[in-house]
>>> print(open('run30.txt').read())   # compact mmCIF, C-alpha atoms
# COMPACT_ATOMS: atom_id res chain seq x y z
CA LEU U 1 15.39 9.45 -20.36
CA PHE U 2 16.10 10.72 -16.86
CA ALA U 3 19.18 8.52 -16.40
CA SER U 4 20.68 10.00 -19.58
CA GLN U 5 20.95 13.36 -17.77
CA LEU U 6 23.16 11.98 -14.98
CA PRO U 7 26.51 12.55 -16.75
CA ASN U 8 25.67 16.26 -16.94
CA LEU U 9 25.49 16.65 -13.15
CA ASP U 10 28.38 18.20 -11.25
CA GLU U 11 29.69 17.03 -7.85
CA VAL U 12 26.94 18.90 -6.00
CA GLY U 13 24.31 17.26 -8.17
CA GLN U 14 25.81 13.82 -7.58
CA GLN U 15 25.72 14.46 -3.83
CA THR U 16 22.08 15.45 -4.16
CA LEU U 17 21.35 12.01 -5.62
CA VAL U 18 23.17 10.38 -2.71
CA ASP U 19 21.20 12.46 -0.19
CA ASN U 20 17.94 11.36 -1.83
CA PHE U 21 18.86 7.68 -1.84
CA ALA U 22 20.88 7.37 1.38
CA PRO U 23 20.45 10.38 3.70
CA SER U 24 23.22 11.07 6.20
CA GLU U 25 22.93 10.25 9.88
CA THR U 26 22.42 13.95 10.62
CA ILE U 27 19.49 14.22 8.21
CA LEU U 28 17.93 11.03 9.57
CA ALA U 29 18.28 12.22 13.17
CA GLU U 30 16.63 15.56 12.36
CA ASP U 31 13.85 13.77 10.46
CA ILE U 32 13.16 11.48 13.43
CA ALA U 33 13.16 14.42 15.83
CA ALA U 34 10.70 16.31 13.62
CA PHE U 35 8.15 13.47 13.57
CA GLN U 36 8.51 12.87 17.30
CA ASN U 37 7.79 16.54 17.95
CA ARG U 38 4.43 16.88 19.70
CA VAL U 39 3.95 20.43 18.42
CA SER U 40 4.97 20.31 14.76
CA LEU U 41 5.68 17.63 12.17
CA GLN U 42 7.68 20.02 10.02
CA PRO U 43 11.43 19.28 9.87
CA SER U 44 13.60 21.93 11.47
CA TYR U 45 15.95 21.89 8.49
CA ASP U 46 15.49 22.98 4.88
CA LEU U 47 17.11 20.18 2.95
CA ALA U 48 16.12 21.60 -0.43
CA ALA U 49 18.20 24.71 0.26
CA ASP U 50 21.36 22.56 0.38
CA ARG U 51 20.62 20.62 -2.79
CA ASP U 52 21.48 21.25 -6.40
CA ASN U 53 18.24 22.38 -8.08
CA ASP U 54 18.82 20.54 -11.37
CA ALA U 55 19.50 17.23 -9.66
CA GLN U 56 16.62 17.63 -7.22
CA ASN U 57 14.19 18.55 -9.98
CA LEU U 58 15.37 15.52 -11.95
CA VAL U 59 14.65 13.22 -9.01
CA ASP U 60 11.29 14.84 -8.23
CA ILE U 61 10.03 14.66 -11.83
CA ALA U 62 11.24 11.08 -12.25
CA LEU U 63 9.47 9.99 -9.07
CA LEU U 64 6.29 11.81 -10.05
CA VAL U 65 6.21 10.19 -13.50
CA ASP U 66 7.02 6.82 -11.97
CA ILE U 67 4.28 7.05 -9.34
CA VAL U 68 1.61 8.26 -11.77
CA ALA U 69 2.56 5.77 -14.49
CA ARG U 70 2.70 2.84 -12.08
CA ALA U 71 -0.56 3.75 -10.36
CA LEU U 72 -2.38 4.18 -13.66
CA GLY U 73 -0.91 0.99 -15.08
CA MET U 74 -1.81 -1.08 -12.02
CA MET U 75 -5.33 0.37 -12.03
CA LEU U 76 -5.80 -0.66 -15.67
CA ILE U 77 -4.49 -4.15 -14.94
CA GLY U 78 -6.85 -4.41 -11.97
CA MET U 79 -9.79 -3.29 -14.08
CA SER U 80 -8.98 -5.90 -16.71
CA PHE U 81 -8.64 -8.60 -14.04
CA TYR U 82 -12.06 -7.65 -12.70
CA SER U 83 -13.72 -7.62 -16.12
CA LEU U 84 -12.23 -11.06 -16.83
CA GLY U 85 -13.63 -12.44 -13.58
CA ILE U 86 -10.19 -13.05 -12.09
CA LEU U 87 -10.82 -10.91 -8.99
CA THR U 88 -14.19 -12.52 -8.31
CA ALA U 89 -12.96 -16.13 -8.25
CA GLN U 90 -14.96 -17.08 -11.36
CA HIS U 91 -12.22 -19.29 -12.78
CA SER U 92 -11.26 -22.85 -11.91
CA LYS U 93 -8.83 -23.90 -9.22
CA ARG U 94 -6.44 -25.07 -11.94
CA PHE U 95 -6.50 -21.62 -13.54
CA TYR U 96 -5.50 -19.95 -10.27
CA GLN U 97 -2.86 -22.59 -9.57
CA ARG U 98 -1.24 -21.85 -12.94
CA MET U 99 -1.59 -18.12 -12.41
CA THR U 100 0.16 -18.44 -9.03
CA MET U 101 3.03 -20.44 -10.52
CA VAL U 102 3.49 -18.03 -13.43
CA GLY U 103 3.22 -14.94 -11.24
CA PHE U 104 5.72 -16.12 -8.66
CA GLY U 105 7.83 -18.05 -11.18
CA VAL U 106 8.44 -14.93 -13.27
CA GLY U 107 8.18 -12.21 -10.63
CA PHE U 108 10.60 -13.40 -7.98
CA PRO U 109 13.46 -14.19 -10.41
CA VAL U 110 13.07 -10.77 -12.07
CA VAL U 111 13.09 -9.00 -8.72
CA GLY U 112 16.01 -11.16 -7.62
CA PHE U 113 17.91 -10.14 -10.76
CA GLY U 114 17.22 -6.49 -9.96
CA LEU U 115 18.49 -6.98 -6.40
CA TYR U 116 21.62 -8.66 -7.74
CA GLN U 117 22.26 -5.66 -9.99
CA TYR U 118 21.90 -3.32 -7.00
CA ILE U 119 24.47 -5.33 -5.05
CA LEU U 120 26.78 -5.58 -8.08
CA ARG U 121 26.80 -1.77 -8.35
CA ASP U 122 27.14 -1.32 -4.58
CA TRP U 123 23.78 0.49 -4.41
CA GLU U 124 25.04 3.43 -6.48
CA ALA U 125 22.50 6.26 -6.14
CA GLY U 126 22.21 7.25 -9.82
CA TYR U 127 21.53 3.67 -10.89
CA SER U 128 19.29 2.82 -7.93
CA LEU U 129 17.03 5.86 -8.35
CA PHE U 130 16.42 5.38 -12.07
CA ILE U 131 17.31 2.36 -14.26
CA GLY U 132 17.71 0.06 -11.26
CA ARG U 133 14.01 0.40 -10.43
CA ILE U 134 12.86 -1.17 -13.72
CA PRO U 135 13.29 -4.89 -12.82
CA ASN U 136 11.46 -4.35 -9.55
CA HIS U 137 8.59 -2.57 -11.28
CA ILE U 138 8.20 -5.37 -13.81
CA GLY U 139 8.59 -8.15 -11.27
CA THR U 140 6.11 -6.73 -8.77
CA MET U 141 3.31 -6.89 -11.35
CA PHE U 142 3.82 -10.63 -11.67
CA ILE U 143 4.24 -11.12 -7.92
CA ALA U 144 1.04 -9.17 -7.23
CA SER U 145 -0.75 -11.38 -9.76
CA GLY U 146 0.57 -14.42 -7.94
CA TYR U 147 -0.75 -13.19 -4.61
CA ILE U 148 -4.13 -12.39 -6.18
CA ALA U 149 -4.34 -15.91 -7.61
CA LEU U 150 -3.34 -17.40 -4.26
CA ILE U 151 -6.08 -15.48 -2.44
CA MET U 152 -8.69 -16.45 -5.05
CA LEU U 153 -7.59 -20.07 -4.73
CA TRP U 154 -7.91 -19.86 -0.96
CA SER U 155 -11.43 -18.45 -1.30
CA LYS U 156 -12.47 -21.64 -3.10
CA TYR U 157 -11.75 -23.71 0.00
CA ASP U 158 -13.44 -23.63 3.41
CA LEU U 159 -10.08 -23.38 5.16
CA TRP U 160 -10.27 -20.69 7.87
CA ARG U 161 -13.71 -19.57 6.73
CA ARG U 162 -14.06 -17.07 9.59
CA ALA U 163 -10.82 -15.39 8.53
CA GLN U 164 -12.13 -15.21 4.97
CA ASP U 165 -15.36 -13.60 6.16
CA GLY U 166 -13.38 -11.13 8.25
CA LEU U 167 -11.21 -10.14 5.30
CA ALA U 168 -14.28 -9.80 3.10
CA SER U 169 -15.78 -7.39 5.64
CA VAL U 170 -12.55 -5.40 5.69
CA GLY U 171 -12.77 -5.15 1.90
CA ARG U 172 -16.37 -3.92 2.04
CA MET U 173 -15.14 -1.09 4.28
CA ALA U 174 -11.97 -0.43 2.30
CA LEU U 175 -12.06 3.38 2.49
CA SER U 176 -12.93 3.47 6.20
CA ASN U 177 -10.27 0.89 7.00
CA TYR U 178 -7.68 2.71 4.93
CA MET U 179 -8.26 5.89 6.89
CA GLY U 180 -8.45 3.86 10.10
CA GLN U 181 -5.02 2.40 9.41
CA THR U 182 -3.66 5.87 8.82
CA ILE U 183 -5.09 7.23 12.07
CA LEU U 184 -3.91 4.27 14.16
CA ALA U 185 -0.43 4.26 12.61
CA THR U 186 0.08 8.00 13.10
CA LEU U 187 -1.06 7.65 16.73
CA VAL U 188 1.64 5.04 17.20
CA PHE U 189 4.47 6.82 15.39
CA TYR U 190 3.84 10.59 15.42
CA GLY U 191 4.54 13.01 18.23
CA TYR U 192 0.87 13.71 19.01
CA GLY U 193 0.55 10.00 19.85
CA LEU U 194 3.16 7.60 21.22
CA GLY U 195 5.97 9.20 19.19
CA LEU U 196 7.63 5.90 18.26
CA TYR U 197 8.80 7.12 14.83
CA GLY U 198 12.29 5.75 14.21
CA GLN U 199 12.25 3.74 17.46
CA LEU U 200 10.91 0.36 16.35
CA ASN U 201 12.88 -2.30 14.49
CA ARG U 202 11.44 -4.33 11.60
CA ILE U 203 10.01 -7.05 13.85
CA ALA U 204 8.27 -4.51 16.08
CA GLN U 205 6.88 -2.70 13.02
CA LEU U 206 5.48 -6.02 11.78
CA GLY U 207 3.85 -6.41 15.19
CA VAL U 208 2.13 -3.04 14.76
CA VAL U 209 0.81 -4.19 11.38
CA VAL U 210 -0.55 -7.42 12.89
CA VAL U 211 -2.27 -5.54 15.73
CA ILE U 212 -3.92 -3.01 13.38
CA TRP U 213 -5.06 -5.75 11.00
CA THR U 214 -6.42 -7.82 13.89
CA ILE U 215 -8.42 -4.85 15.11
CA GLN U 216 -9.89 -4.26 11.66
CA ILE U 217 -10.71 -7.93 11.06
CA ILE U 218 -12.61 -7.98 14.37
CA VAL U 219 -14.30 -4.59 14.10
CA SER U 220 -15.35 -4.76 10.43
CA PRO U 221 -17.70 -7.81 10.71
CA TRP U 222 -19.10 -6.39 13.96
CA TRP U 223 -19.86 -3.08 12.24
CA LEU U 224 -21.42 -4.60 9.12
CA LYS U 225 -23.77 -6.73 11.20
CA ARG U 226 -25.34 -3.50 12.42
CA PHE U 227 -24.85 -1.09 9.53
CA ARG U 228 -25.16 -1.29 5.75
CA TYR U 229 -21.88 0.45 4.99
CA GLY U 230 -18.70 1.62 6.60
CA PRO U 231 -18.88 5.22 7.89
CA LEU U 232 -16.86 6.76 5.05
CA GLU U 233 -18.53 4.52 2.46
CA TRP U 234 -21.88 5.79 3.75
CA LEU U 235 -20.68 9.40 3.50
CA TRP U 236 -19.33 8.88 -0.03
CA ARG U 237 -22.53 7.17 -1.13
CA SER U 238 -24.69 9.96 0.33
CA LEU U 239 -22.60 12.62 -1.41
CA THR U 240 -22.78 10.70 -4.70
CA TYR U 241 -26.60 10.47 -4.69
CA LEU U 242 -27.08 13.85 -2.96
CA ARG U 243 -29.31 12.33 -0.31
CA ILE U 244 -28.90 10.79 3.11
CA GLU U 245 -28.62 7.06 2.55
CA PRO U 246 -30.04 4.67 5.17
CA MET U 247 -27.23 3.55 7.43
CA ARG U 248 -28.52 1.19 10.11
CA LYS U 249 -29.79 -2.23 9.12
CA ARG U 250 -33.42 -2.92 9.89
CA LYS U 251 -34.14 -5.78 12.19
CA GLN U 252 -36.15 -8.53 10.58
CA PRO U 253 -39.51 -9.06 12.35
CA VAL U 254 -39.78 -12.36 14.16
CA ALA U 255 -42.57 -14.51 12.75
CA ARG U 256 -45.05 -15.62 15.38
CA ALA U 257 -46.49 -19.08 15.37
CA SER U 258 -50.22 -19.09 14.71
>>> encode(input="run30.txt", output="structure tokens")
Amino acid sequence: LFASQLPNLDEVGQQTLVDNFAPSETILAEDIAAFQNRVSLQPSYDLAADRDNDAQNLVDIALLVDIVARALGMMLIGMSFYSLGILTAQHSKRFYQRMTMVGFGVGFPVVGFGLYQYILRDWEAGYSLFIGRIPNHIGTMFIASGYIALIMLWSKYDLWRRAQDGLASVGRMALSNYMGQTILATLVFYGYGLGLYGQLNRIAQLGVVVVIWTIQIIVSPWWLKRFRYGPLEWLWRSLTYLRIEPMRKRKQPVARAS
């Protein structure tokens, strides 16, 4: 639907698509400077003022529909997986082995086909922003299913049990850890922290991910040994029931020998 409107765009509109998909060095430099600014995170330029409104609206609406549709679709798939017992490791090891093979066996070739089409079209902006996204969207559903099956399969073995317990604790504090990741990452990259936005290569960025995850895998079990919920989970639960929920775990009395 959105791709069918591309032939109607003039040269300015086509350039707008290119700016959305592959910003110029000037735009990237100004973007980096804005996020490294310790006073304001607002870019000093008004990119929208230099863009064709029709083309920009087309991109914005397409992305909005894509994000909402994908999020809703993945939520429904996740709910069905949970109701079927897939997310709670209720199925056999053979089931998860097959699910892993199907997920990866279908997903990676589909994504690879989509990547090949990108390369074949030399990453043309109009194709890449619209029709070119379809193979990736389809393939990622299968790949995600493969990863889910692999994790469920792992949970059925005692391999690295402490790591499993740590990850389980992270999951029990999902909201708190999500916000914690956001705070730690912005302190690393934004100007009010270390201001490393745009300064780290892919390997260094992966290192930041490993450090943040390590912190959360260590802190989450420590927290849940002392408290019933994560801090934000406790707040959400208290707001839901309109009462202050007990937070700290009670120590079990030590039985005395008679």
>>> closest_residue(input="run30.txt", among="U:Tyr197, U:Tyr147, U:Trp236, U:Phe130", to="Asn20 in chain U", atoms="only C-alpha atoms")
U:Phe130
>>> residues_around(input="run30.txt", residues="Pro221 in chain U", least_positions_apart="5", cutoff="8 Å", atoms="all atoms listed in the file", output="MDAnalysis selection string")
chainID U and resid 165:166 169:170
>>> closest_residue(input="run30.txt", among="U:Leu115, U:Leu159, U:Arg172, U:Gln181", to="Ser220 in chain U", atoms="all atoms listed in the file")
U:Arg172
>>> atom_distance(input="run30.txt", atom1="CA of His91 in chain U", atom2="CA of Met173 in chain U")
25.1 Å
>>> closest_residue(input="run30.txt", among="U:Glu245, U:Gly171, U:Thr182, U:Ser145", to="Gly78 in chain U", atoms="only C-alpha atoms")
U:Ser145
>>> atom_distance(input="run30.txt", atom1="CA of Ser176 in chain U", atom2="CA of Tyr241 in chain U")
18.8 Å
>>> atom_distance(input="run30.txt", atom1="CA of Leu150 in chain U", atom2="CA of Thr100 in chain U")
6.0 Å
>>> residues_around(input="run30.txt", residues="range 107-112 of chain U", least_positions_apart="5", cutoff="12 Å", atoms="all atoms listed in the file", output="list in words")
Met99, Thr100, Met101, Val102, Gln117, Tyr118, Ile119, Gly132, Arg133, Ile134, Pro135, Asn136, His137, Ile138, Gly139, Thr140, Met141, Phe142, Ile143, Ala144, Ser145, Gly146 and Tyr147 of chain U
>>> closest_residue(input="run30.txt", among="U:Val188, U:Met179, U:Leu87, U:Ala29", to="Gln216 in chain U", atoms="all atoms listed in the file")
U:Met179
>>> residues_around(input="run30.txt", residues="Ala168 in chain U", least_positions_apart="5", cutoff="12 Å", atoms="all atoms listed in the file", output="compact mmCIF listing (two decimals) with C-alpha atoms, keeping the file's coordinate frame")
# COMPACT_ATOMS: atom_id res chain seq x y z
CA THR U 88 -14.19 -12.52 -8.31
CA ILE U 151 -6.08 -15.48 -2.44
CA MET U 152 -8.69 -16.45 -5.05
CA SER U 155 -11.43 -18.45 -1.30
CA ARG U 161 -13.71 -19.57 6.73
CA ARG U 162 -14.06 -17.07 9.59
CA ALA U 163 -10.82 -15.39 8.53
CA MET U 173 -15.14 -1.09 4.28
CA ALA U 174 -11.97 -0.43 2.30
CA GLN U 216 -9.89 -4.26 11.66
CA ILE U 217 -10.71 -7.93 11.06
CA ILE U 218 -12.61 -7.98 14.37
CA SER U 220 -15.35 -4.76 10.43
CA PRO U 221 -17.70 -7.81 10.71
CA LEU U 224 -21.42 -4.60 9.12
>>> axis_aligned_box(input="run30.txt", around="range 23-30 of chain U", padding_each_side="6 Å", output="lines of an AutoDock Vina configuration file")
center_x = 19.9
center_y = 12.9
center_z = 8.4
size_x = 18.6
size_y = 17.3
size_z = 21.5
>>> closest_residue(input="run30.txt", among="U:Ala71, U:Ile215, U:Leu17, U:Ala34", to="Tyr192 in chain U", atoms="all atoms listed in the file")
U:Ala34
>>> closest_residue(input="run30.txt", among="U:Leu200, U:Val211, U:Leu63, U:Leu175", to="Tyr229 in chain U", atoms="all atoms listed in the file")
U:Leu175
>>> residues_around(input="run30.txt", residues="Phe21 in chain U", least_positions_apart="2", cutoff="9 Å", atoms="only C-alpha atoms", output="list in words")
Thr16, Leu17, Val18, Asp19, Pro23, Glu124, Ala125, Gly126, Ser128 and Leu129 of chain U
>>> build_atoms(input="run30.txt", residues="range 15-39 of chain U", atoms="N, CA and C atoms", output="compact mmCIF listing (two decimals), in the frame of the given file")
# COMPACT_ATOMS: atom_id res chain seq x y z
N GLN U 15 25.97 14.57 -5.26
CA GLN U 15 25.72 14.46 -3.83
C GLN U 15 24.24 14.56 -3.52
N THR U 16 23.53 15.34 -4.33
CA THR U 16 22.08 15.45 -4.16
C THR U 16 21.42 14.09 -4.36
N LEU U 17 21.89 13.35 -5.38
CA LEU U 17 21.35 12.01 -5.62
C LEU U 17 21.61 11.11 -4.43
N VAL U 18 22.82 11.20 -3.86
CA VAL U 18 23.17 10.38 -2.71
C VAL U 18 22.28 10.73 -1.52
N ASP U 19 22.04 12.03 -1.31
CA ASP U 19 21.20 12.46 -0.19
C ASP U 19 19.77 11.95 -0.34
N ASN U 20 19.28 11.88 -1.58
CA ASN U 20 17.94 11.36 -1.83
C ASN U 20 17.86 9.87 -1.55
N PHE U 21 18.90 9.14 -1.95
CA PHE U 21 18.86 7.68 -1.84
C PHE U 21 19.31 7.19 -0.47
N ALA U 22 20.33 7.80 0.09
CA ALA U 22 20.88 7.37 1.38
C ALA U 22 21.22 8.60 2.22
N PRO U 23 20.21 9.18 2.89
CA PRO U 23 20.45 10.38 3.70
C PRO U 23 21.50 10.13 4.79
N SER U 24 22.20 11.18 5.16
CA SER U 24 23.22 11.07 6.20
C SER U 24 22.59 10.86 7.56
N GLU U 25 23.41 10.47 8.53
CA GLU U 25 22.93 10.25 9.88
C GLU U 25 22.35 11.53 10.47
N THR U 26 22.93 12.67 10.13
CA THR U 26 22.42 13.95 10.62
C THR U 26 21.01 14.22 10.11
N ILE U 27 20.81 14.01 8.79
CA ILE U 27 19.49 14.22 8.21
C ILE U 27 18.46 13.28 8.82
N LEU U 28 18.85 12.01 9.00
CA LEU U 28 17.93 11.03 9.57
C LEU U 28 17.56 11.41 11.01
N ALA U 29 18.54 11.85 11.78
CA ALA U 29 18.28 12.22 13.17
C ALA U 29 17.32 13.41 13.25
N GLU U 30 17.51 14.40 12.38
CA GLU U 30 16.63 15.56 12.36
C GLU U 30 15.23 15.18 11.89
N ASP U 31 15.15 14.25 10.95
CA ASP U 31 13.85 13.77 10.46
C ASP U 31 13.09 13.06 11.58
N ILE U 32 13.79 12.20 12.32
CA ILE U 32 13.16 11.48 13.43
C ILE U 32 12.69 12.46 14.50
N ALA U 33 13.53 13.44 14.82
CA ALA U 33 13.16 14.42 15.83
C ALA U 33 11.93 15.22 15.42
N ALA U 34 11.83 15.53 14.12
CA ALA U 34 10.70 16.31 13.62
C ALA U 34 9.39 15.54 13.80
N PHE U 35 9.39 14.25 13.48
CA PHE U 35 8.15 13.47 13.57
C PHE U 35 7.82 13.06 14.99
N GLN U 36 8.80 13.13 15.89
CA GLN U 36 8.51 12.87 17.30
C GLN U 36 8.08 14.12 18.03
N ASN U 37 8.18 15.27 17.35
CA ASN U 37 7.79 16.54 17.95
C ASN U 37 6.28 16.58 18.17
N ARG U 38 5.86 16.85 19.38
CA ARG U 38 4.43 16.88 19.70
C ARG U 38 3.75 18.16 19.23
N VAL U 39 4.53 19.16 18.83
CA VAL U 39 3.95 20.43 18.42
C VAL U 39 3.86 20.52 16.91
